[in-house]
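Presented below is the structure to which this report refers.
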Amino acid sequence: MSGAGIRAERRAGWLFSAPALLAIALFFILPTIASLALSLTDFDIYALADIRNLRFVGFDNYAALLADPLFWAALHNTLWFVLLGVPLVVVVSLGAAILVNERMVAWRPVWRVAFFAPYVATLVAAAMVWKYLLHTRYGLVNYALGALGLPRVDWLGDPRWAIPAITLFVVWKSFGYAMLIFLAALQTVPRELDEAARIDGAGWWARLRHVTLPAIAPATGLVAILTIIAMFQLFAEPYVMTEGGPAQSTITVLYLMFEEGFQWWNLGTGAAVAVVLFACILAAAVLPALAMRLLGVRKA
């Protein structure tokens, strides 16, 4: 191809990419820059009334945030959601994908729809249903425990159980999407490798461990990264089910940002929380990728 043809191809590529790049700049890049700038001010309800009340305070918002026990409690709760939720989502979604990928399983399309249905359900409506299922006195979960002779549990009113209970709801709600990623990866695994291992006498667990899991390692890393990002951004679930309680045991970093920015109108502080959350998500997304690269895992 001549130089003129290459230049024309590049211009065509930029032309077709321009709408998407413009949308990214308007709705992602500019708001990020504006949030960073806002975090360096004392923008509050008084500045909303009169912009002349706006002052540049530098890193004071970050210093106050790091000295706030509530921020550290929110970060602690968020990390608990990540530590509990990510392994559960990976294991449950992988198990569901393996199940619906088996040729001997009947009604595979039905199972796929059933597993994926929670993901497309309205989040607030599903959270309200789970809130009543976990009700201390009238919930079906405690009713089943009582039928088995076990004591009732205050799932959403006890700080020891609130995070695990919300995590179970999040896993139920989100594993269907991860299942589709695993299912697509499983269908790329050569059948010949599995058949060769079967002929050599390898059992189901050995074939899964030595054939299937290494082949879908990139998909596993992708699911883990996406789930980590989602867990760091939990807001609606604790907001609907516990309102951050009991005793602020389920308040997350995003929940704290909402309270600072839209409940107390400390928009500068809320923007600082957003910047810190962005840094945490960026680190959580980059570090696993670096770890996989160090372990020799390459992109498919």
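Chain lettering (A, B, ...) mirrors the order of the structure tokens, residue numbering begins at 1 for each chain separately, and ligand numbering begins at 1 in order of display.
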
Quick one: residues within 12 Å of Pro109 in chain A, only C-alpha atoms, excluding same-chain residues fewer than 5 positions away - as number ranges by chain? A: 97, 99-103, 114-116

Excluding Thr250 in chain A and residues on its chain fewer than 6 positions from it, collect all residues at most 9 Å away from it, counting only C-alpha atoms, and give them as a PDB file with all heavy atoms, in the first residue's frame.
```pdb
ATOM      1  N   ALA A  73     -13.070   3.492  58.286  1.00  0.00           N
ATOM      2  CA  ALA A  73     -14.086   2.454  58.479  1.00  0.00           C
ATOM      3  C   ALA A  73     -14.723   2.073  57.148  1.00  0.00           C
ATOM      4  O   ALA A  73     -14.956   0.885  56.872  1.00  0.00           O
ATOM      5  CB  ALA A  73     -15.151   2.939  59.461  1.00  0.00           C
ATOM      6  N   ALA A  74     -15.012   3.082  56.314  1.00  0.00           N
ATOM      7  CA  ALA A  74     -15.598   2.804  55.000  1.00  0.00           C
ATOM      8  C   ALA A  74     -14.631   2.016  54.132  1.00  0.00           C
ATOM      9  O   ALA A  74     -15.030   1.077  53.422  1.00  0.00           O
ATOM     10  CB  ALA A  74     -15.988   4.118  54.319  1.00  0.00           C
ATOM     11  N   ASN A  77     -14.565  -1.578  55.395  1.00  0.00           N
ATOM     12  CA  ASN A  77     -15.754  -2.320  54.960  1.00  0.00           C
ATOM     13  C   ASN A  77     -15.669  -2.669  53.477  1.00  0.00           C
ATOM     14  O   ASN A  77     -16.035  -3.785  53.075  1.00  0.00           O
ATOM     15  CB  ASN A  77     -17.008  -1.498  55.229  1.00  0.00           C
ATOM     16  CG  ASN A  77     -17.228  -1.242  56.704  1.00  0.00           C
ATOM     17  OD1 ASN A  77     -16.758  -1.992  57.562  1.00  0.00           O
ATOM     18  ND2 ASN A  77     -17.936  -0.165  57.017  1.00  0.00           N
ATOM     19  N   THR A  78     -15.202  -1.722  52.669  1.00  0.00           N
ATOM     20  CA  THR A  78     -15.087  -1.967  51.236  1.00  0.00           C
ATOM     21  C   THR A  78     -14.116  -3.104  50.953  1.00  0.00           C
ATOM     22  O   THR A  78     -14.372  -3.972  50.103  1.00  0.00           O
ATOM     23  CB  THR A  78     -14.632  -0.687  50.518  1.00  0.00           C
ATOM     24  OG1 THR A  78     -15.553   0.373  50.786  1.00  0.00           O
ATOM     25  CG2 THR A  78     -14.559  -0.915  49.015  1.00  0.00           C
ATOM     26  N   PRO A 159     -23.748  -6.366  63.150  1.00  0.00           N
ATOM     27  CA  PRO A 159     -22.536  -6.003  62.390  1.00  0.00           C
ATOM     28  C   PRO A 159     -21.704  -7.199  61.952  1.00  0.00           C
ATOM     29  O   PRO A 159     -20.990  -7.120  60.953  1.00  0.00           O
ATOM     30  CB  PRO A 159     -21.757  -5.121  63.379  1.00  0.00           C
ATOM     31  CG  PRO A 159     -22.782  -4.570  64.304  1.00  0.00           C
ATOM     32  CD  PRO A 159     -23.826  -5.647  64.437  1.00  0.00           C
ATOM     33  N   ALA A 162     -23.883  -8.503  58.684  1.00  0.00           N
ATOM     34  CA  ALA A 162     -24.406  -7.592  57.658  1.00  0.00           C
ATOM     35  C   ALA A 162     -23.580  -7.658  56.374  1.00  0.00           C
ATOM     36  O   ALA A 162     -24.132  -7.774  55.270  1.00  0.00           O
ATOM     37  CB  ALA A 162     -24.437  -6.157  58.200  1.00  0.00           C
ATOM     38  N   ILE A 163     -22.249  -7.584  56.485  1.00  0.00           N
ATOM     39  CA  ILE A 163     -21.412  -7.627  55.279  1.00  0.00           C
ATOM     40  C   ILE A 163     -21.518  -8.973  54.580  1.00  0.00           C
ATOM     41  O   ILE A 163     -21.686  -9.025  53.348  1.00  0.00           O
ATOM     42  CB  ILE A 163     -19.956  -7.271  55.626  1.00  0.00           C
ATOM     43  CG1 ILE A 163     -19.836  -5.770  55.925  1.00  0.00           C
ATOM     44  CG2 ILE A 163     -19.005  -7.657  54.490  1.00  0.00           C
ATOM     45  CD1 ILE A 163     -18.433  -5.312  56.260  1.00  0.00           C
ATOM     46  N   ILE A 166     -24.963  -9.065  52.712  1.00  0.00           N
ATOM     47  CA  ILE A 166     -24.989  -8.237  51.501  1.00  0.00           C
ATOM     48  C   ILE A 166     -24.100  -8.835  50.430  1.00  0.00           C
ATOM     49  O   ILE A 166     -24.425  -8.794  49.231  1.00  0.00           O
ATOM     50  CB  ILE A 166     -24.566  -6.791  51.841  1.00  0.00           C
ATOM     51  CG1 ILE A 166     -25.590  -6.146  52.784  1.00  0.00           C
ATOM     52  CG2 ILE A 166     -24.429  -5.956  50.578  1.00  0.00           C
ATOM     53  CD1 ILE A 166     -25.204  -4.756  53.244  1.00  0.00           C
ATOM     54  N   PRO A 238     -25.816  -1.683  49.954  1.00  0.00           N
ATOM     55  CA  PRO A 238     -25.920  -1.290  51.367  1.00  0.00           C
ATOM     56  C   PRO A 238     -26.879  -0.127  51.589  1.00  0.00           C
ATOM     57  O   PRO A 238     -27.497  -0.035  52.659  1.00  0.00           O
ATOM     58  CB  PRO A 238     -24.479  -0.900  51.740  1.00  0.00           C
ATOM     59  CG  PRO A 238     -23.805  -0.620  50.451  1.00  0.00           C
ATOM     60  CD  PRO A 238     -24.442  -1.513  49.442  1.00  0.00           C
ATOM     61  N   TYR A 239     -27.031   0.735  50.606  1.00  0.00           N
ATOM     62  CA  TYR A 239     -27.953   1.872  50.762  1.00  0.00           C
ATOM     63  C   TYR A 239     -29.394   1.388  50.908  1.00  0.00           C
ATOM     64  O   TYR A 239     -30.143   1.891  51.749  1.00  0.00           O
ATOM     65  CB  TYR A 239     -27.827   2.806  49.556  1.00  0.00           C
ATOM     66  CG  TYR A 239     -28.715   4.033  49.637  1.00  0.00           C
ATOM     67  CD1 TYR A 239     -28.354   5.114  50.432  1.00  0.00           C
ATOM     68  CD2 TYR A 239     -29.903   4.100  48.913  1.00  0.00           C
ATOM     69  CE1 TYR A 239     -29.166   6.236  50.507  1.00  0.00           C
ATOM     70  CE2 TYR A 239     -30.719   5.212  48.985  1.00  0.00           C
ATOM     71  CZ  TYR A 239     -30.342   6.281  49.781  1.00  0.00           C
ATOM     72  OH  TYR A 239     -31.149   7.389  49.866  1.00  0.00           O
ATOM     73  N   THR A 242     -29.350  -1.751  54.205  1.00  0.00           N
ATOM     74  CA  THR A 242     -28.987  -1.417  55.590  1.00  0.00           C
ATOM     75  C   THR A 242     -28.813   0.075  55.833  1.00  0.00           C
ATOM     76  O   THR A 242     -28.650   0.482  56.981  1.00  0.00           O
ATOM     77  CB  THR A 242     -27.667  -2.117  55.977  1.00  0.00           C
ATOM     78  OG1 THR A 242     -26.625  -1.649  55.109  1.00  0.00           O
ATOM     79  CG2 THR A 242     -27.789  -3.625  55.851  1.00  0.00           C
ATOM     80  N   GLU A 243     -28.809   0.893  54.761  1.00  0.00           N
ATOM     81  CA  GLU A 243     -28.539   2.330  54.882  1.00  0.00           C
ATOM     82  C   GLU A 243     -27.208   2.598  55.582  1.00  0.00           C
ATOM     83  O   GLU A 243     -27.060   3.550  56.345  1.00  0.00           O
ATOM     84  CB  GLU A 243     -29.681   3.042  55.608  1.00  0.00           C
ATOM     85  CG  GLU A 243     -31.005   2.966  54.871  1.00  0.00           C
ATOM     86  CD  GLU A 243     -32.106   3.738  55.565  1.00  0.00           C
ATOM     87  OE1 GLU A 243     -31.831   4.347  56.624  1.00  0.00           O
ATOM     88  OE2 GLU A 243     -33.241   3.730  55.049  1.00  0.00           O
ATOM     89  N   GLY A 244     -26.239   1.735  55.325  1.00  0.00           N
ATOM     90  CA  GLY A 244     -24.911   1.905  55.910  1.00  0.00           C
ATOM     91  C   GLY A 244     -24.744   1.317  57.290  1.00  0.00           C
ATOM     92  O   GLY A 244     -23.628   1.235  57.796  1.00  0.00           O
TER      93      GLY A 244
END
```

Mind listing the helix (DSSP H, G or I) residues of range 51-205 of chain A, per DSSP on the backbone, as number ranges by chain? A: 51-53, 60-66, 69-101, 108-120, 123-133, 140-147, 159-186, 191-199, 204-205

Residue nearest Leu282 in chain A - candidates A:Thr41, A:Ile51, A:Met241, A:Ile228, atoms counted: only C-alpha atoms: A:Ile228

Each residue of range 198-229 of chain A with at least one atom at most 10 Å from range 172-179 of chain A should appear once, together with its nearest atom pair and the corresponding distance in Å (one decimal); atoms considered: only C-alpha atoms; ordering: chain, then increasing residue number; output as a tab-separated table.
```
residue	atom	partner	partner_atom	distance
A:Ala219	CA	A:Ala178	CA	9.2
A:Thr220	CA	A:Ala178	CA	9.1
A:Leu222	CA	A:Ala178	CA	9.1
A:Val223	CA	A:Ala178	CA	6.0
A:Ala224	CA	A:Ala178	CA	9.1
A:Leu226	CA	A:Ala178	CA	8.7
A:Thr227	CA	A:Ala178	CA	8.4
```

Atoms to include: N, CA, C and O atoms. Write the selected residues as a short mmCIF file (atom, residue, chain, number, x, y, z; two decimals), in the first residue's frame.
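Written out: selection.cif:
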```
data_model
loop_
_atom_site.label_atom_id
_atom_site.label_comp_id
_atom_site.auth_asym_id
_atom_site.auth_seq_id
_atom_site.Cartn_x
_atom_site.Cartn_y
_atom_site.Cartn_z
N ALA A 219 -9.30 -15.49 31.09
CA ALA A 219 -10.69 -15.16 31.43
C ALA A 219 -10.87 -15.06 32.94
O ALA A 219 -11.62 -14.20 33.43
N THR A 220 -10.20 -15.92 33.69
CA THR A 220 -10.26 -15.85 35.15
C THR A 220 -9.72 -14.52 35.65
O THR A 220 -10.29 -13.88 36.54
N LEU A 222 -9.62 -11.72 33.96
CA LEU A 222 -10.57 -10.68 33.57
C LEU A 222 -11.74 -10.62 34.53
O LEU A 222 -12.15 -9.54 34.97
N VAL A 223 -12.31 -11.78 34.86
CA VAL A 223 -13.44 -11.81 35.80
C VAL A 223 -13.03 -11.27 37.16
O VAL A 223 -13.77 -10.49 37.79
N ALA A 224 -11.83 -11.64 37.62
CA ALA A 224 -11.36 -11.15 38.92
C ALA A 224 -11.22 -9.63 38.92
O ALA A 224 -11.65 -8.96 39.86
N LEU A 226 -12.71 -7.37 36.89
CA LEU A 226 -14.02 -6.74 36.79
C LEU A 226 -14.79 -6.82 38.11
O LEU A 226 -15.48 -5.87 38.50
N THR A 227 -14.66 -7.94 38.81
CA THR A 227 -15.36 -8.09 40.09
C THR A 227 -14.75 -7.21 41.16
O THR A 227 -15.48 -6.64 41.98
#
```

So which one's closest to Ala63 in chain A, A:Leu180, A:Leu40, A:Ile45, A:Ala236? Using only C-alpha atoms, please. A:Leu40

Would you mind listing what lies within 12 Å of range 258-260 of chain A as a ChimeraX atom specification, with only C-alpha atoms counted and same-chain residues fewer than 4 positions away left out? /A:39,43-45,61,65,70-71,74,233-236,239,243-244,251-254,264-274

Output for the residues just chosen: C-alpha atoms as a CSV table (one decimal), in the first residue's frame:
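Done, and the output landed in out.csv:
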```csv
chain,number,residue,atom,x,y,z
A,39,SER,CA,-11.3,18.2,45.3
A,43,PHE,CA,-16.8,23.8,47.3
A,44,ASP,CA,-20.0,23.4,49.4
A,45,ILE,CA,-23.6,24.7,49.6
A,61,ASN,CA,-9.6,17.9,51.9
A,65,LEU,CA,-10.2,12.7,54.9
A,70,LEU,CA,-15.3,7.2,59.2
A,71,PHE,CA,-13.2,7.1,56.0
A,74,ALA,CA,-15.6,2.8,55.0
A,233,GLN,CA,-18.1,0.6,43.7
A,234,LEU,CA,-20.8,-0.9,46.0
A,235,PHE,CA,-23.4,1.6,46.9
A,236,ALA,CA,-27.0,0.7,46.1
A,239,TYR,CA,-28.0,1.9,50.8
A,243,GLU,CA,-28.5,2.3,54.9
A,244,GLY,CA,-24.9,1.9,55.9
A,251,ILE,CA,-20.9,2.0,54.8
A,252,THR,CA,-18.5,1.8,51.8
A,253,VAL,CA,-16.2,4.4,50.2
A,254,LEU,CA,-18.7,5.2,47.5
A,264,TRP,CA,-24.0,17.2,53.5
A,265,TRP,CA,-23.2,19.2,50.4
A,266,ASN,CA,-19.4,19.0,51.0
A,267,LEU,CA,-18.7,18.7,47.4
A,268,GLY,CA,-15.0,19.3,47.7
A,269,THR,CA,-14.7,16.5,50.3
A,270,GLY,CA,-16.9,14.3,48.2
A,271,ALA,CA,-14.7,14.9,45.2
A,272,ALA,CA,-11.6,14.0,47.3
A,273,VAL,CA,-13.3,10.7,48.2
A,274,ALA,CA,-14.0,10.1,44.5
```

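Atom pair CA of Glu192 in chain A / CA of Leu94 in chain A has a distance of 21.0 Å (rounded to one decimal).
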
Counting only C-alpha atoms, what is within 10 Å of Asp194 in chain A, bar same-chain residues fewer than 6 positions away, as a list in words?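 Counting only the stated atoms, we get Asp200, Ala202, Trp204, Arg207, Leu208, His210, Val211 and Thr212 of chain A.
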
Residues from last step as file, C-alpha atoms, as a CSV table (one decimal), in the first residue's frame:
```csv
chain,number,residue,atom,x,y,z
A,200,ASP,CA,-4.8,-41.2,29.6
A,202,ALA,CA,-7.3,-38.5,34.1
A,204,TRP,CA,-12.7,-35.0,36.0
A,207,ARG,CA,-8.7,-32.6,33.6
A,208,LEU,CA,-10.2,-29.5,35.2
A,210,HIS,CA,-4.4,-29.4,34.4
A,211,VAL,CA,-6.4,-28.8,31.1
A,212,THR,CA,-9.3,-26.5,31.6
```

Can you tell me how far CA of Val153 in chain A sits from CA of Val240 in chain A, in Å to one decimal?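 Interatomic distance, CA of Val153 in chain A to CA of Val240 in chain A: 19.4 Å.
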
Cys280 in chain A surroundings by only C-alpha atoms, 10 Å radius, close-in-sequence under 4 positions cut, as a list of chain:residue names: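 Contacts, in chain order: A:Leu75, A:Ile229, A:Phe232, A:Ala274, A:Val275, A:Val276, A:Ala284, A:Ala285, A:Val286.
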
Kindly indicate which residue among A:Leu133, A:Ile98, A:Leu290, A:Leu148 lies nearest to Ile181 in chain A, using only C-alpha atoms for the distances. A:Ile98

By how many Å are CA of Glu9 in chain A and CA of Phe28 in chain A apart?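 Calculated distance between CA of Glu9 in chain A and CA of Phe28 in chain A is 27.3 Å.
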